[in-house]
>>> print(open('work.txt').read())   # compact mmCIF, C-alpha atoms
# COMPACT_ATOMS: atom_id res chain seq x y z
CA MET A 24 28.24 76.17 -37.22
CA GLN A 25 28.31 73.14 -39.48
CA VAL A 26 29.40 70.47 -37.08
CA SER A 27 27.70 67.58 -38.83
CA GLN A 28 29.66 67.87 -42.07
CA VAL A 29 33.10 67.84 -40.51
CA GLN A 30 35.56 65.33 -41.99
CA TRP A 31 37.53 63.11 -39.65
CA SER A 32 40.89 61.48 -40.35
CA ASP A 33 41.53 57.99 -39.02
CA GLN A 34 43.88 59.45 -36.45
CA GLU A 35 41.30 61.96 -35.28
CA THR A 36 38.64 59.27 -35.10
CA ALA A 37 40.95 57.20 -32.92
CA ILE A 38 41.57 60.19 -30.62
CA ALA A 39 37.85 60.88 -30.32
CA GLU A 40 36.95 57.27 -29.65
CA SER A 41 39.70 56.97 -27.08
CA ALA A 42 38.38 60.11 -25.36
CA LEU A 43 34.89 58.63 -25.29
CA ARG A 44 36.14 55.41 -23.74
CA THR A 45 38.15 57.30 -21.13
CA ALA A 46 35.24 59.58 -20.27
CA HIS A 47 32.86 56.62 -20.03
CA GLN A 48 35.20 54.78 -17.68
CA ARG A 49 35.55 57.87 -15.49
CA GLU A 50 31.82 58.54 -15.42
CA ILE A 51 31.03 54.92 -14.55
CA SER A 52 33.71 54.84 -11.85
CA ALA A 53 32.26 58.00 -10.33
CA LEU A 54 28.77 56.54 -10.54
CA VAL A 55 29.88 53.33 -8.84
CA GLN A 56 31.35 55.39 -6.00
CA THR A 57 28.20 57.50 -5.72
CA VAL A 58 25.98 54.43 -5.58
CA ARG A 59 28.20 52.85 -2.93
CA ASP A 60 28.09 56.04 -0.85
CA ARG A 61 24.33 56.34 -1.17
CA ALA A 62 23.86 52.66 -0.38
CA THR A 63 25.65 53.02 2.94
CA HIS A 64 23.18 55.75 3.93
CA LEU A 65 20.00 53.92 2.98
CA GLN A 66 17.58 53.88 5.89
CA GLN A 67 14.01 53.69 4.71
CA VAL A 68 11.89 52.91 1.73
CA ASP A 69 11.99 56.43 0.28
CA ASP A 70 15.79 56.34 0.29
CA ILE A 71 15.69 53.19 -1.85
CA TRP A 72 13.24 54.64 -4.34
CA HIS A 73 15.23 57.89 -4.54
CA LEU A 74 18.28 55.77 -5.41
CA HIS A 75 16.17 54.00 -8.03
CA ASP A 76 15.02 57.33 -9.50
CA PHE A 77 18.62 58.53 -9.52
CA LEU A 78 19.78 55.40 -11.39
CA SER A 79 16.92 55.74 -13.88
CA ALA A 80 18.02 59.28 -14.70
CA ARG A 81 21.72 58.39 -14.89
CA ARG A 82 21.00 55.40 -17.13
CA PHE A 83 18.89 57.48 -19.51
CA ASP A 84 21.61 60.13 -19.67
CA ILE A 85 24.56 57.76 -20.09
CA ASP A 86 22.81 55.47 -22.58
CA GLY A 87 22.14 58.44 -24.82
CA LYS A 88 25.31 60.41 -24.37
CA TYR A 89 28.10 58.25 -25.75
CA ASP A 90 27.20 58.45 -29.41
CA SER A 91 30.30 57.99 -31.56
CA ARG A 92 28.68 58.66 -34.94
CA ALA A 93 30.61 61.26 -36.93
CA SER A 94 27.52 63.45 -37.09
CA GLU A 95 27.31 63.60 -33.30
CA ILE A 96 30.84 63.33 -32.02
CA LEU A 97 31.58 67.06 -31.70
CA PHE A 98 28.42 67.52 -29.61
CA VAL A 99 29.28 64.47 -27.51
CA LEU A 100 32.85 65.57 -26.88
CA SER A 101 31.69 69.08 -26.02
CA LYS A 102 29.25 67.78 -23.46
CA LEU A 103 31.89 65.50 -21.95
CA VAL A 104 34.35 68.39 -21.73
CA LYS A 105 31.72 70.60 -20.14
CA GLU A 106 30.84 67.91 -17.61
CA GLY A 107 34.50 67.37 -16.80
CA TRP A 108 34.79 63.76 -17.96
CA VAL A 109 37.44 64.60 -20.54
CA SER A 110 39.78 67.57 -20.91
CA LEU A 111 40.60 69.57 -24.00
CA ASP A 112 44.22 68.50 -23.52
CA GLU A 113 43.14 64.91 -24.05
CA LEU A 114 41.75 65.90 -27.42
CA SER A 115 45.05 67.27 -28.69
CA GLY A 116 45.70 65.86 -32.13
CA LEU A 117 42.33 67.01 -33.43
CA GLU A 118 42.68 69.83 -35.92
CA ALA A 119 42.39 73.33 -34.50
CA GLY A 120 39.04 73.99 -36.12
CA LYS A 121 37.45 71.03 -34.37
CA LEU A 122 38.89 72.04 -31.01
CA ALA A 123 37.55 75.56 -31.52
CA LYS A 124 34.10 74.17 -32.28
CA ILE A 125 34.19 71.93 -29.23
CA THR A 126 35.19 74.87 -27.05
CA ALA A 127 32.43 77.02 -28.52
CA LEU A 128 29.84 74.28 -28.03
CA THR A 129 30.73 73.87 -24.35
CA ARG A 130 29.46 77.43 -23.86
CA VAL A 131 26.08 76.81 -25.43
CA LEU A 132 25.21 73.23 -24.49
CA MET B 24 -13.49 30.37 -1.83
CA GLN B 25 -15.24 33.65 -1.14
CA VAL B 26 -12.39 35.70 0.21
CA SER B 27 -13.70 39.08 -0.92
CA GLN B 28 -16.91 38.96 1.12
CA VAL B 29 -15.30 38.14 4.45
CA GLN B 30 -16.30 40.43 7.34
CA TRP B 31 -13.58 41.87 9.53
CA SER B 32 -13.95 43.01 13.13
CA ASP B 33 -12.06 46.10 14.26
CA GLN B 34 -9.71 43.88 16.22
CA GLU B 35 -9.02 41.68 13.22
CA THR B 36 -8.45 44.71 11.02
CA ALA B 37 -5.92 46.00 13.55
CA ILE B 38 -4.14 42.64 13.57
CA ALA B 39 -4.01 42.54 9.77
CA GLU B 40 -2.79 46.12 9.44
CA SER B 41 -0.14 45.54 12.08
CA ALA B 42 1.01 42.43 10.19
CA LEU B 43 1.26 44.45 6.98
CA ARG B 44 3.35 47.14 8.66
CA THR B 45 5.64 44.54 10.22
CA ALA B 46 6.05 42.68 6.95
CA HIS B 47 6.74 45.91 5.07
CA GLN B 48 9.39 46.95 7.58
CA ARG B 49 11.06 43.55 7.32
CA GLU B 50 10.96 43.50 3.54
CA ILE B 51 12.40 47.02 3.31
CA SER B 52 15.12 46.23 5.85
CA ALA B 53 16.08 43.15 3.84
CA LEU B 54 16.05 45.19 0.65
CA VAL B 55 18.28 47.87 2.20
CA GLN B 56 20.76 45.16 3.18
CA THR B 57 20.64 43.58 -0.27
CA VAL B 58 21.26 46.92 -1.98
CA ARG B 59 24.18 47.66 0.36
CA ASP B 60 25.68 44.24 -0.34
CA ARG B 61 25.26 44.62 -4.09
CA ALA B 62 26.65 48.15 -3.99
CA THR B 63 29.89 46.96 -2.42
CA HIS B 64 30.37 44.56 -5.34
CA LEU B 65 29.70 47.02 -8.14
CA GLN B 66 32.53 46.99 -10.66
CA GLN B 67 31.33 47.95 -14.09
CA VAL B 68 28.48 49.53 -15.92
CA ASP B 69 26.47 46.33 -16.33
CA ASP B 70 26.54 45.79 -12.56
CA ILE B 71 24.97 49.22 -12.06
CA TRP B 72 22.22 48.62 -14.61
CA HIS B 73 21.53 45.16 -13.16
CA LEU B 74 21.06 46.86 -9.79
CA HIS B 75 18.74 49.35 -11.47
CA ASP B 76 16.73 46.53 -13.06
CA PHE B 77 16.57 44.77 -9.70
CA LEU B 78 15.26 47.91 -7.98
CA SER B 79 12.70 48.46 -10.75
CA ALA B 80 11.32 44.96 -10.18
CA ARG B 81 11.34 45.24 -6.39
CA ARG B 82 9.61 48.63 -6.55
CA PHE B 83 6.90 47.33 -8.86
CA ASP B 84 6.34 44.33 -6.60
CA ILE B 85 6.36 46.21 -3.28
CA ASP B 86 4.26 49.13 -4.53
CA GLY B 87 1.53 46.71 -5.59
CA LYS B 88 1.73 44.19 -2.80
CA TYR B 89 0.75 46.04 0.37
CA ASP B 90 -2.92 46.57 -0.40
CA SER B 91 -4.91 46.82 2.85
CA ARG B 92 -8.39 46.97 1.29
CA ALA B 93 -10.73 44.43 2.86
CA SER B 94 -11.31 42.85 -0.54
CA GLU B 95 -7.58 42.13 -0.94
CA ILE B 96 -6.23 41.61 2.52
CA LEU B 97 -6.49 37.81 2.63
CA PHE B 98 -4.57 37.56 -0.64
CA VAL B 99 -1.99 40.06 0.60
CA LEU B 100 -1.49 38.27 3.92
CA SER B 101 -1.24 34.92 2.17
CA LYS B 102 1.46 36.21 -0.15
CA LEU B 103 3.37 37.74 2.75
CA VAL B 104 3.17 34.47 4.71
CA LYS B 105 4.32 32.53 1.67
CA GLU B 106 7.24 34.90 1.13
CA GLY B 107 8.18 34.67 4.80
CA TRP B 108 7.64 38.31 5.72
CA VAL B 109 5.02 37.47 8.31
CA SER B 110 4.20 34.23 10.15
CA LEU B 111 0.85 32.63 10.77
CA ASP B 112 1.57 33.00 14.49
CA GLU B 113 1.60 36.75 14.05
CA LEU B 114 -1.92 36.55 12.65
CA SER B 115 -3.31 34.86 15.74
CA GLY B 116 -6.47 36.66 16.77
CA LEU B 117 -7.99 36.30 13.33
CA GLU B 118 -10.91 33.88 13.32
CA ALA B 119 -10.08 30.29 12.41
CA GLY B 120 -11.85 30.49 9.07
CA LYS B 121 -9.67 33.37 7.90
CA LEU B 122 -6.50 31.61 9.00
CA ALA B 123 -7.59 28.50 7.13
CA LYS B 124 -8.21 30.54 3.99
CA ILE B 125 -4.82 32.24 4.30
CA THR B 126 -3.14 28.85 4.73
CA ALA B 127 -4.98 27.47 1.72
CA LEU B 128 -4.10 30.50 -0.41
CA THR B 129 -0.39 30.15 0.37
CA ARG B 130 -0.52 26.83 -1.47
CA VAL B 131 -2.04 28.24 -4.64
CA LEU B 132 -0.53 31.72 -4.95
>>> encode(input="work.txt", output="structure tokens")
Amino acid sequence: MQVSQVQWSDQETAIAESALRTAHQREISALVQTVRDRATHLQQVDDIWHLHDFLSARRFDIDGKYDSRASEILFVLSKLVKEGWVSLDELSGLEAGKLAKITALTRVL
Amino acid sequence: MQVSQVQWSDQETAIAESALRTAHQREISALVQTVRDRATHLQQVDDIWHLHDFLSARRFDIDGKYDSRASEILFVLSKLVKEGWVSLDELSGLEAGKLAKITALTRVL
């Protein structure tokens, strides 16, 4: 599957970038809620360091995930669809071939 | 000041170790409260990563600070007194020379 040589129209680029922004907002909102919930249950030192480890992992994941370069965007969108941060419906407007590739990638990522 | 060659009686060691435990409990309790307070004010992604940075720094500091080896304990107690996690009164029972050294070290640490 040649996902890195796919051409993107301006309209498709706008749809993809909008999807990334939406997914990022949702993921951050969910993370804020998770941190708040965990913070209310902090009791001892290990709980604090577990929260720190959790944030380290989430930061590493989120910092690397939202890559909007054309060579990466199909992989990024597929991962976001698989993780539930964006739906295929929200990607309508992309050509059918791209949507098919995204769907296929969600099964192998 | 020869702080590393000081001799410690069993009673003094017990007083010092008790002070370390008390200080650690207080510092962790304060940290739990700070994290809870910060968590309630999280709004956006930068707030989360600032909290992560804060926890990284606190973990590095706390992991290194509570060193109960005889060669380090006067420095450790001095730092804890200076930071307010333990009072000189709570170290009563240590010989006067050790208390004087701790007091002196709080001025230079």
>>> interface_residues(input="work.txt", of="chain A", to="chain B", cutoff="8 Å", atoms="all atoms listed in the file", output="VMD selection string")
chain A and resid 51 to 52 55 58 to 59 62 to 63 65 to 68 71 to 72 75 78 to 79 82
>>> atom_distance(input="work.txt", atom1="CA of Asp86 in chain A", atom2="CA of Glu118 in chain A")
27.9 Å
>>> calpha_fit_and_write(input="work.txt", fixed="chain A", moving="chain B", output="compact mmCIF listing (two decimals) with C-alpha atoms, in the coordinates of the input")
# COMPACT_ATOMS: atom_id res chain seq x y z
CA MET B 24 28.30 76.16 -37.23
CA GLN B 25 28.40 73.15 -39.50
CA VAL B 26 29.43 70.47 -37.08
CA SER B 27 27.73 67.57 -38.85
CA GLN B 28 29.71 67.88 -42.09
CA VAL B 29 33.15 67.88 -40.52
CA GLN B 30 35.60 65.34 -42.00
CA TRP B 31 37.57 63.14 -39.64
CA SER B 32 40.92 61.51 -40.34
CA ASP B 33 41.55 58.01 -39.01
CA GLN B 34 43.89 59.47 -36.43
CA GLU B 35 41.31 61.98 -35.27
CA THR B 36 38.65 59.30 -35.09
CA ALA B 37 40.97 57.22 -32.91
CA ILE B 38 41.58 60.19 -30.62
CA ALA B 39 37.85 60.89 -30.31
CA GLU B 40 36.95 57.26 -29.66
CA SER B 41 39.69 56.96 -27.07
CA ALA B 42 38.37 60.11 -25.36
CA LEU B 43 34.87 58.62 -25.29
CA ARG B 44 36.11 55.39 -23.73
CA THR B 45 38.13 57.29 -21.13
CA ALA B 46 35.22 59.57 -20.29
CA HIS B 47 32.84 56.62 -20.04
CA GLN B 48 35.18 54.76 -17.70
CA ARG B 49 35.53 57.84 -15.50
CA GLU B 50 31.81 58.52 -15.42
CA ILE B 51 31.01 54.90 -14.55
CA SER B 52 33.70 54.81 -11.85
CA ALA B 53 32.25 57.97 -10.33
CA LEU B 54 28.76 56.51 -10.54
CA VAL B 55 29.88 53.29 -8.84
CA GLN B 56 31.34 55.36 -6.00
CA THR B 57 28.20 57.48 -5.72
CA VAL B 58 25.97 54.41 -5.56
CA ARG B 59 28.20 52.83 -2.90
CA ASP B 60 28.11 56.03 -0.85
CA ARG B 61 24.34 56.33 -1.16
CA ALA B 62 23.87 52.66 -0.35
CA THR B 63 25.67 53.03 2.96
CA HIS B 64 23.21 55.76 3.94
CA LEU B 65 20.02 53.93 3.02
CA GLN B 66 17.59 53.91 5.92
CA GLN B 67 14.03 53.73 4.74
CA VAL B 68 11.91 52.95 1.76
CA ASP B 69 12.01 56.46 0.30
CA ASP B 70 15.82 56.36 0.29
CA ILE B 71 15.71 53.20 -1.82
CA TRP B 72 13.25 54.65 -4.33
CA HIS B 73 15.25 57.89 -4.53
CA LEU B 74 18.28 55.77 -5.41
CA HIS B 75 16.16 54.00 -8.02
CA ASP B 76 15.03 57.33 -9.48
CA PHE B 77 18.64 58.52 -9.51
CA LEU B 78 19.78 55.40 -11.37
CA SER B 79 16.92 55.73 -13.87
CA ALA B 80 18.04 59.27 -14.70
CA ARG B 81 21.73 58.38 -14.89
CA ARG B 82 20.98 55.39 -17.12
CA PHE B 83 18.87 57.47 -19.49
CA ASP B 84 21.59 60.12 -19.67
CA ILE B 85 24.55 57.74 -20.09
CA ASP B 86 22.79 55.45 -22.57
CA GLY B 87 22.11 58.42 -24.83
CA LYS B 88 25.28 60.39 -24.36
CA TYR B 89 28.08 58.23 -25.76
CA ASP B 90 27.17 58.44 -29.43
CA SER B 91 30.30 57.99 -31.57
CA ARG B 92 28.68 58.67 -34.96
CA ALA B 93 30.61 61.27 -36.94
CA SER B 94 27.51 63.45 -37.11
CA GLU B 95 27.30 63.61 -33.30
CA ILE B 96 30.82 63.33 -32.04
CA LEU B 97 31.57 67.06 -31.70
CA PHE B 98 28.42 67.52 -29.62
CA VAL B 99 29.26 64.46 -27.52
CA LEU B 100 32.84 65.58 -26.89
CA SER B 101 31.69 69.08 -26.04
CA LYS B 102 29.23 67.77 -23.48
CA LEU B 103 31.86 65.49 -21.97
CA VAL B 104 34.34 68.39 -21.73
CA LYS B 105 31.69 70.58 -20.16
CA GLU B 106 30.81 67.89 -17.63
CA GLY B 107 34.48 67.36 -16.82
CA TRP B 108 34.77 63.76 -17.97
CA VAL B 109 37.42 64.58 -20.54
CA SER B 110 39.76 67.57 -20.92
CA LEU B 111 40.58 69.57 -23.99
CA ASP B 112 44.20 68.49 -23.51
CA GLU B 113 43.14 64.91 -24.05
CA LEU B 114 41.73 65.91 -27.43
CA SER B 115 45.04 67.28 -28.67
CA GLY B 116 45.70 65.87 -32.12
CA LEU B 117 42.34 67.03 -33.41
CA GLU B 118 42.69 69.86 -35.90
CA ALA B 119 42.40 73.37 -34.48
CA GLY B 120 39.05 74.01 -36.11
CA LYS B 121 37.45 71.04 -34.36
CA LEU B 122 38.88 72.05 -31.01
CA ALA B 123 37.54 75.56 -31.51
CA LYS B 124 34.09 74.19 -32.30
CA ILE B 125 34.17 71.93 -29.24
CA THR B 126 35.19 74.89 -27.07
CA ALA B 127 32.43 77.02 -28.53
CA LEU B 128 29.83 74.27 -28.05
CA THR B 129 30.72 73.88 -24.37
CA ARG B 130 29.47 77.43 -23.89
CA VAL B 131 26.08 76.82 -25.47
CA LEU B 132 25.22 73.24 -24.52
>>> atom_distance(input="work.txt", atom1="CA of Ser94 in chain A", atom2="CA of Asp112 in chain A")
22.1 Å
>>> atom_distance(input="work.txt", atom1="CA of Ile38 in chain B", atom2="CA of Val109 in chain B")
11.8 Å
>>> closest_residue(input="work.txt", among="A:Asp33, A:Glu106, A:Glu40, A:Glu113", to="Asp90 in chain A", atoms="all atoms listed in the file")
A:Glu40
>>> closest_residue(input="work.txt", among="A:Leu132, A:Leu117, A:Ile96, A:Ile125", to="Gln34 in chain A", atoms="only C-alpha atoms")
A:Leu117
>>> closest_residue(input="work.txt", among="A:Ser110, A:Thr126, A:Gly120, A:Ser91", to="Thr36 in chain A", atoms="all atoms listed in the file")
A:Ser91
>>> closest_residue(input="work.txt", among="A:Leu103, A:Ala127, A:Leu111, A:Val29", to="Tyr89 in chain A", atoms="only C-alpha atoms")
A:Leu103
